[in-house]
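Student: Take a look at this one; I'll ask things after.
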Amino acid sequence: MSYKTILVHVDKSKHSAERVKLAASIALNEDAHLIGAAPTGVSRYIYQAGMLGDGAGFTAHLEAHMEVLRQQGKEALQEFEAAARRMGVSSIESHMVDDEAGAGISLQARYSDLVVIGQTDLEDPSPATLPDFPEYVVLNSGRPVMIVPYAGRFDTVGKRVLVAWDASTSATRAVTAAIPLLKRADIVEVLVFNADDQGDAHGEQPGADIALYQARHNIRVNVVRQKSKIDIGNALLSAATDFASDLIVMGGYGHTRFREILLGGVTRTVLESMTVPVLMSH
């Protein structure tokens, strides 16, 4: 199992370069095709409606605004291609996406093995990206999503991996999706919190079955069981610091209702406060 197509969200934000560097590094390790996607930020439904009747419905103002957004996307894609080629990625593709970022990236993701996006930075908002962008992509792309924190540099990702294991279907999908990364790790810590509170989900030895599953993939794995009286999201982030983890793998929990996204508490805490990249699967 390996990643053959990796999609990375690119824009003109100051954080885009770090995402591209990380995605390109994974593409090099996996000998994968790397796609950079730059959404314009205007919903495809507005765009399609305006294009009816040879552009009827498009005002001059909207046309000018769209041209500015496309120019920004073009520049972001040029920077993406230059950075990826400098790193040695040989198979590169650029997509301009006439859509807002959440819907556009989620649609493109369906033809990729892994999606790389950024954590929301409220102090550096992007006109093409809504604040709920990361959670929207996690819940709607149908693919594993790696979210890169807006603060910090991440020169090595996946050497020391922390797997948040609760025996759920989302966590199972996340572990399976992360196998290419886990196989390259020096150590994978499978962390089980408060196993006694989860009934029979874990079996007699919490974490043992998922550790054995990973071991059969030649993954170096260790199981850690902890009890926590604080909320699990903060306990997980604290554990990542204690283990010097450079990647967290976990399920993403939540659902959407008329674009409103209702997240599980652990997912929300991690998305808001992450300090290392997080691979999530819903």
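By convention here, the chains of the structure tokens are called A, B, ... in the order presented, each chain's residues are numbered starting at 1, and ligands are numbered starting at 1 in the order presented.
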Neighbouring residues of Glu67 of chain A were defined as those with any atom within 12 Å, considering only C-alpha atoms; residues of the same chain fewer than 5 positions away were excluded. Please report them as a JSON list (two decimals) with all heavy atoms, in the first residue's frame.
Tutor:
```
[["chain", "number", "residue", "atom", "x", "y", "z"],
["A", 40, "THR", "N", -10.57, 29.52, -6.17],
["A", 40, "THR", "CA", -10.72, 30.96, -6.28],
["A", 40, "THR", "C", -11.48, 31.54, -5.09],
["A", 40, "THR", "O", -11.31, 32.72, -4.76],
["A", 40, "THR", "CB", -11.50, 31.33, -7.56],
["A", 40, "THR", "OG1", -12.78, 30.71, -7.54],
["A", 40, "THR", "CG2", -10.73, 30.89, -8.79],
["A", 41, "GLY", "N", -12.34, 30.72, -4.46],
["A", 41, "GLY", "CA", -13.10, 31.21, -3.32],
["A", 41, "GLY", "C", -14.53, 31.57, -3.64],
["A", 41, "GLY", "O", -15.32, 31.86, -2.75],
["A", 42, "VAL", "N", -14.90, 31.55, -4.93],
["A", 42, "VAL", "CA", -16.28, 31.84, -5.33],
["A", 42, "VAL", "C", -16.98, 30.53, -5.63],
["A", 42, "VAL", "O", -16.50, 29.72, -6.41],
["A", 42, "VAL", "CB", -16.31, 32.76, -6.57],
["A", 42, "VAL", "CG1", -17.75, 33.00, -7.02],
["A", 42, "VAL", "CG2", -15.63, 34.08, -6.25],
["A", 60, "ALA", "N", -19.94, 43.75, -14.02],
["A", 60, "ALA", "CA", -18.55, 44.11, -14.29],
["A", 60, "ALA", "C", -17.70, 44.00, -13.04],
["A", 60, "ALA", "O", -16.54, 43.59, -13.10],
["A", 60, "ALA", "CB", -18.49, 45.54, -14.84],
["A", 61, "HIS", "N", -18.31, 44.31, -11.89],
["A", 61, "HIS", "CA", -17.58, 44.22, -10.63],
["A", 61, "HIS", "C", -17.20, 42.78, -10.33],
["A", 61, "HIS", "O", -16.06, 42.49, -9.92],
["A", 61, "HIS", "CB", -18.42, 44.79, -9.49],
["A", 61, "HIS", "CG", -17.80, 44.61, -8.14],
["A", 61, "HIS", "ND1", -16.73, 45.37, -7.71],
["A", 61, "HIS", "CD2", -18.09, 43.73, -7.13],
["A", 61, "HIS", "CE1", -16.39, 44.99, -6.49],
["A", 61, "HIS", "NE2", -17.20, 44.00, -6.12],
["A", 62, "LEU", "N", -18.14, 41.87, -10.52],
["A", 62, "LEU", "CA", -17.87, 40.46, -10.24],
["A", 62, "LEU", "C", -16.83, 39.91, -11.20],
["A", 62, "LEU", "O", -15.96, 39.14, -10.81],
["A", 62, "LEU", "CB", -19.16, 39.65, -10.32],
["A", 62, "LEU", "CG", -19.04, 38.16, -9.98],
["A", 62, "LEU", "CD1", -18.40, 37.97, -8.60],
["A", 62, "LEU", "CD2", -20.40, 37.47, -10.05],
["A", 72, "GLN", "N", -4.45, 35.59, -8.44],
["A", 72, "GLN", "CA", -3.83, 35.14, -7.19],
["A", 72, "GLN", "C", -3.63, 33.63, -7.21],
["A", 72, "GLN", "O", -2.59, 33.13, -6.78],
["A", 72, "GLN", "CB", -4.69, 35.56, -6.01],
["A", 72, "GLN", "CG", -4.71, 37.05, -5.75],
["A", 72, "GLN", "CD", -5.66, 37.44, -4.63],
["A", 72, "GLN", "OE1", -6.51, 36.65, -4.21],
["A", 72, "GLN", "NE2", -5.52, 38.65, -4.13],
["A", 73, "GLY", "N", -4.63, 32.91, -7.70],
["A", 73, "GLY", "CA", -4.51, 31.46, -7.80],
["A", 73, "GLY", "C", -3.41, 31.05, -8.75],
["A", 73, "GLY", "O", -2.65, 30.11, -8.48],
["A", 74, "LYS", "N", -3.30, 31.76, -9.88],
["A", 74, "LYS", "CA", -2.24, 31.46, -10.85],
["A", 74, "LYS", "C", -0.86, 31.66, -10.23],
["A", 74, "LYS", "O", 0.04, 30.83, -10.40],
["A", 74, "LYS", "CB", -2.41, 32.35, -12.08],
["A", 74, "LYS", "CG", -1.37, 32.12, -13.16],
["A", 74, "LYS", "CD", -1.62, 33.03, -14.36],
["A", 74, "LYS", "CE", -0.55, 32.83, -15.44],
["A", 74, "LYS", "NZ", -0.79, 33.74, -16.59],
["A", 98, "ASP", "N", -12.54, 26.77, -9.71],
["A", 98, "ASP", "CA", -13.54, 27.83, -9.58],
["A", 98, "ASP", "C", -14.60, 27.40, -8.57],
["A", 98, "ASP", "O", -15.69, 26.95, -8.91],
["A", 98, "ASP", "CB", -14.19, 28.14, -10.93],
["A", 98, "ASP", "CG", -13.34, 29.06, -11.78],
["A", 98, "ASP", "OD1", -12.80, 30.05, -11.22],
["A", 98, "ASP", "OD2", -13.19, 28.80, -12.98]]
```
Student: Pick out each residue of segment 56-95 of chain A that DSSP on the backbone tags as strand (DSSP E or B); I need them as JSON, numbers by chain.
Tutor: {"A": [92, 93, 94, 95]}
Student: Between A:Thr275, A:Thr267, A:Asn194, A:Gln214, single out the one closest to Thr241 of chain A, counting only C-alpha atoms.
Tutor: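 Looking only at the distances to Thr241 of chain A, the closest residue turns out to be A:Thr275.
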Student: So the first atom is atom CA of Gly265 of chain A and the second is atom CA of Asn234 of chain A; what is the distance between them in Å, to one decimal place?
Tutor: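 Result for atom CA of Gly265 of chain A versus atom CA of Asn234 of chain A: 10.0 Å, one decimal.
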Student: Do you know which residues are at most 12 Å from Lys14 of chain A counting only C-alpha atoms, after dropping those on the same chain fewer than 2 positions away, and could you put them as a ChimeraX atom specification?
Tutor: /A:10-12,16-20,76,79,118,121,123-126,150-152
Student: Pick the closest to Tyr136 of chain A from A:Val148, A:Leu22, A:Val157, A:Leu271: which is it, counting only C-alpha atoms?
Tutor: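 Closest residue, counting only C-alpha atoms: A:Leu271.
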Student: Name all residues at most 8 Å from segment 27-29 of chain A (count only C-alpha atoms; drop same-chain ones fewer than 6 positions away) and give them as a list in words.
Tutor: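 Those residues are Tyr3, Lys4, Thr5, Ile6, Gly88 and Val89 of chain A.
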Student: Would you pick out the contacts of Lys159 of chain A at 8 Å or less, using only C-alpha atoms, so that residues sharing its chain but fewer than 5 positions from it are not included, and give the list as a list in words?
Tutor: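 Within the cut-off, the hits are Arg184, Ala185, Asp186, Ile187, Ser245, Asp246 and Leu247 of chain A.
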Student: Given the selection you just returned, output its residues as a file containing C-alpha atoms, formatted as a tab-separated table (two decimals), in the first residue's frame.
Tutor:
```tsv
chain	number	residue	atom	x	y	z
A	184	ARG	CA	8.43	4.66	7.63
A	185	ALA	CA	8.16	5.70	11.29
A	186	ASP	CA	10.87	5.00	13.84
A	187	ILE	CA	8.15	4.28	16.40
A	245	SER	CA	5.54	13.06	18.42
A	246	ASP	CA	5.76	14.75	15.03
A	247	LEU	CA	2.44	13.39	13.73
```
Student: Compile a residue-level contact table for segment 126-160 of chain A against segment 175-180 of chain A at a cut-off of 10 Å, reporting for every qualifying residue the shortest atom pair and its distance in Å to one decimal, with only C-alpha atoms counted, rows ordered by chain and ascending number, as JSON lines.
Tutor:
```
{"residue": "A:Arg143", "atom": "CA", "partner": "A:Ala177", "partner_atom": "CA", "distance": 8.3}
{"residue": "A:Pro144", "atom": "CA", "partner": "A:Ala177", "partner_atom": "CA", "distance": 6.2}
{"residue": "A:Val145", "atom": "CA", "partner": "A:Ala177", "partner_atom": "CA", "distance": 9.4}
{"residue": "A:Met146", "atom": "CA", "partner": "A:Ala178", "partner_atom": "CA", "distance": 9.8}
{"residue": "A:Gly158", "atom": "CA", "partner": "A:Ala178", "partner_atom": "CA", "distance": 9.7}
```
Student: How would you write, as a ChimeraX atom specification, the set of residues in segment 67-280 of chain A that DSSP gives as alpha helix (DSSP H)?
Tutor: /A:67-87,101-109,133-140,169-177,179-182,208-215,232-242,265-273
Student: From the list A:Gly252, A:Pro39, A:Pro149, A:Gly142, which residue is nearest Thr129 of chain A when using only C-alpha atoms?
Tutor: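 Under the stated criterion, the closest residue is A:Pro39.
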Student: For atom CA of Phe133 of chain A and atom CA of Ala101 of chain A, quote the distance in Å rounded to one decimal.
Tutor: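 Value for the atom CA of Phe133 of chain A-atom CA of Ala101 of chain A distance: 7.0 Å.
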Student: For Arg225 of chain A, please output as a compact mmCIF listing (two decimals) with all heavy atoms, in the first residue's frame all residues within 7 Å (counting only C-alpha atoms; exclusion window: fewer than 4 positions along the same chain).
Tutor:
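part18.txt was written with the following content:
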```
# COMPACT_ATOMS: atom_id res chain seq x y z
N LEU A 191 -2.02 5.09 21.58
CA LEU A 191 -2.44 5.62 22.87
C LEU A 191 -3.93 5.36 23.08
O LEU A 191 -4.77 5.75 22.27
CB LEU A 191 -2.17 7.12 22.94
CG LEU A 191 -2.53 7.85 24.23
CD1 LEU A 191 -1.82 7.23 25.43
CD2 LEU A 191 -2.19 9.33 24.11
N VAL A 192 -4.25 4.69 24.19
CA VAL A 192 -5.64 4.37 24.55
C VAL A 192 -5.96 5.07 25.86
O VAL A 192 -5.31 4.83 26.88
CB VAL A 192 -5.84 2.85 24.70
CG1 VAL A 192 -7.29 2.55 25.05
CG2 VAL A 192 -5.41 2.11 23.43
N PHE A 193 -6.96 5.95 25.81
CA PHE A 193 -7.39 6.66 27.01
C PHE A 193 -8.62 5.98 27.62
O PHE A 193 -9.56 5.62 26.91
CB PHE A 193 -7.78 8.11 26.69
CG PHE A 193 -6.61 9.03 26.50
CD1 PHE A 193 -6.34 9.58 25.26
CD2 PHE A 193 -5.79 9.37 27.57
CE1 PHE A 193 -5.28 10.45 25.09
CE2 PHE A 193 -4.72 10.23 27.41
CZ PHE A 193 -4.46 10.77 26.16
```
Student: For each of A:Glu272, A:Ser238, A:Glu93, A:Ile210, take the minimum atom-to-atom distance to Pro131 of chain A, counting only C-alpha atoms, then give the residue where this is smallest.
Tutor: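 Looking at the shortest contact to Pro131 of chain A, the residue is A:Glu272.
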Student: Calculated over only C-alpha atoms, which of the candidates A:Leu130, A:Ala24, A:Ala64, A:Lys229 has the smallest distance to Asp99 of chain A?
Tutor: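 Between A:Leu130, A:Ala24, A:Ala64, A:Lys229, the residue approaching Asp99 of chain A most closely is A:Leu130.
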Student: Env of Asp231 of chain A: 10 Å cut, atoms = only C-alpha atoms, seq-sep filter 3 positions within chain, self excluded. Answer as a list of chain:residue names.
Tutor: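 With the cut-off at 10 Å, the set is A:Ser228, A:Asn234, A:Ala235, A:Leu236, A:Gly265, A:Val266, A:Thr269.
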Student: Those selected residues, please, written with N, CA, C and O atoms and delivered as a JSON list (two decimals), in the first residue's frame.
Tutor:
```json
[["chain", "number", "residue", "atom", "x", "y", "z"],
["A", 228, "SER", "N", -7.22, 9.55, 32.06],
["A", 228, "SER", "CA", -7.15, 11.01, 32.07],
["A", 228, "SER", "C", -8.42, 11.58, 32.68],
["A", 228, "SER", "O", -9.53, 11.17, 32.33],
["A", 234, "ASN", "N", -7.21, 17.72, 25.01],
["A", 234, "ASN", "CA", -6.02, 18.31, 25.61],
["A", 234, "ASN", "C", -5.05, 17.25, 26.13],
["A", 234, "ASN", "O", -3.83, 17.42, 26.07],
["A", 235, "ALA", "N", -5.60, 16.13, 26.61],
["A", 235, "ALA", "CA", -4.74, 15.04, 27.06],
["A", 235, "ALA", "C", -3.94, 14.47, 25.89],
["A", 235, "ALA", "O", -2.76, 14.12, 26.03],
["A", 236, "LEU", "N", -4.57, 14.39, 24.73],
["A", 236, "LEU", "CA", -3.89, 13.88, 23.53],
["A", 236, "LEU", "C", -2.77, 14.82, 23.10],
["A", 236, "LEU", "O", -1.65, 14.38, 22.80],
["A", 265, "GLY", "N", -15.94, 16.80, 20.56],
["A", 265, "GLY", "CA", -15.09, 17.65, 21.39],
["A", 265, "GLY", "C", -13.62, 17.45, 21.16],
["A", 265, "GLY", "O", -12.84, 18.42, 21.11],
["A", 266, "VAL", "N", -13.18, 16.19, 21.01],
["A", 266, "VAL", "CA", -11.75, 15.92, 20.80],
["A", 266, "VAL", "C", -11.30, 16.50, 19.46],
["A", 266, "VAL", "O", -10.25, 17.14, 19.36],
["A", 269, "THR", "N", -11.02, 20.33, 19.67],
["A", 269, "THR", "CA", -9.86, 20.76, 20.46],
["A", 269, "THR", "C", -8.58, 20.61, 19.66],
["A", 269, "THR", "O", -7.73, 21.51, 19.64]]
```
Student: When distances are computed from only C-alpha atoms, which of A:Pro127, A:Pro277, A:Gly251, A:Gly36 shows the smallest separation from His9 of chain A?
Tutor: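 Closest to His9 of chain A of all the choices is A:Gly36.
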Student: Rounded to one decimal place, report the atom CA of Glu189 of chain A-atom CA of Met1 of chain A distance in Å.
Tutor: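 Going from atom CA of Glu189 of chain A over to atom CA of Met1 of chain A covers 20.7 Å.
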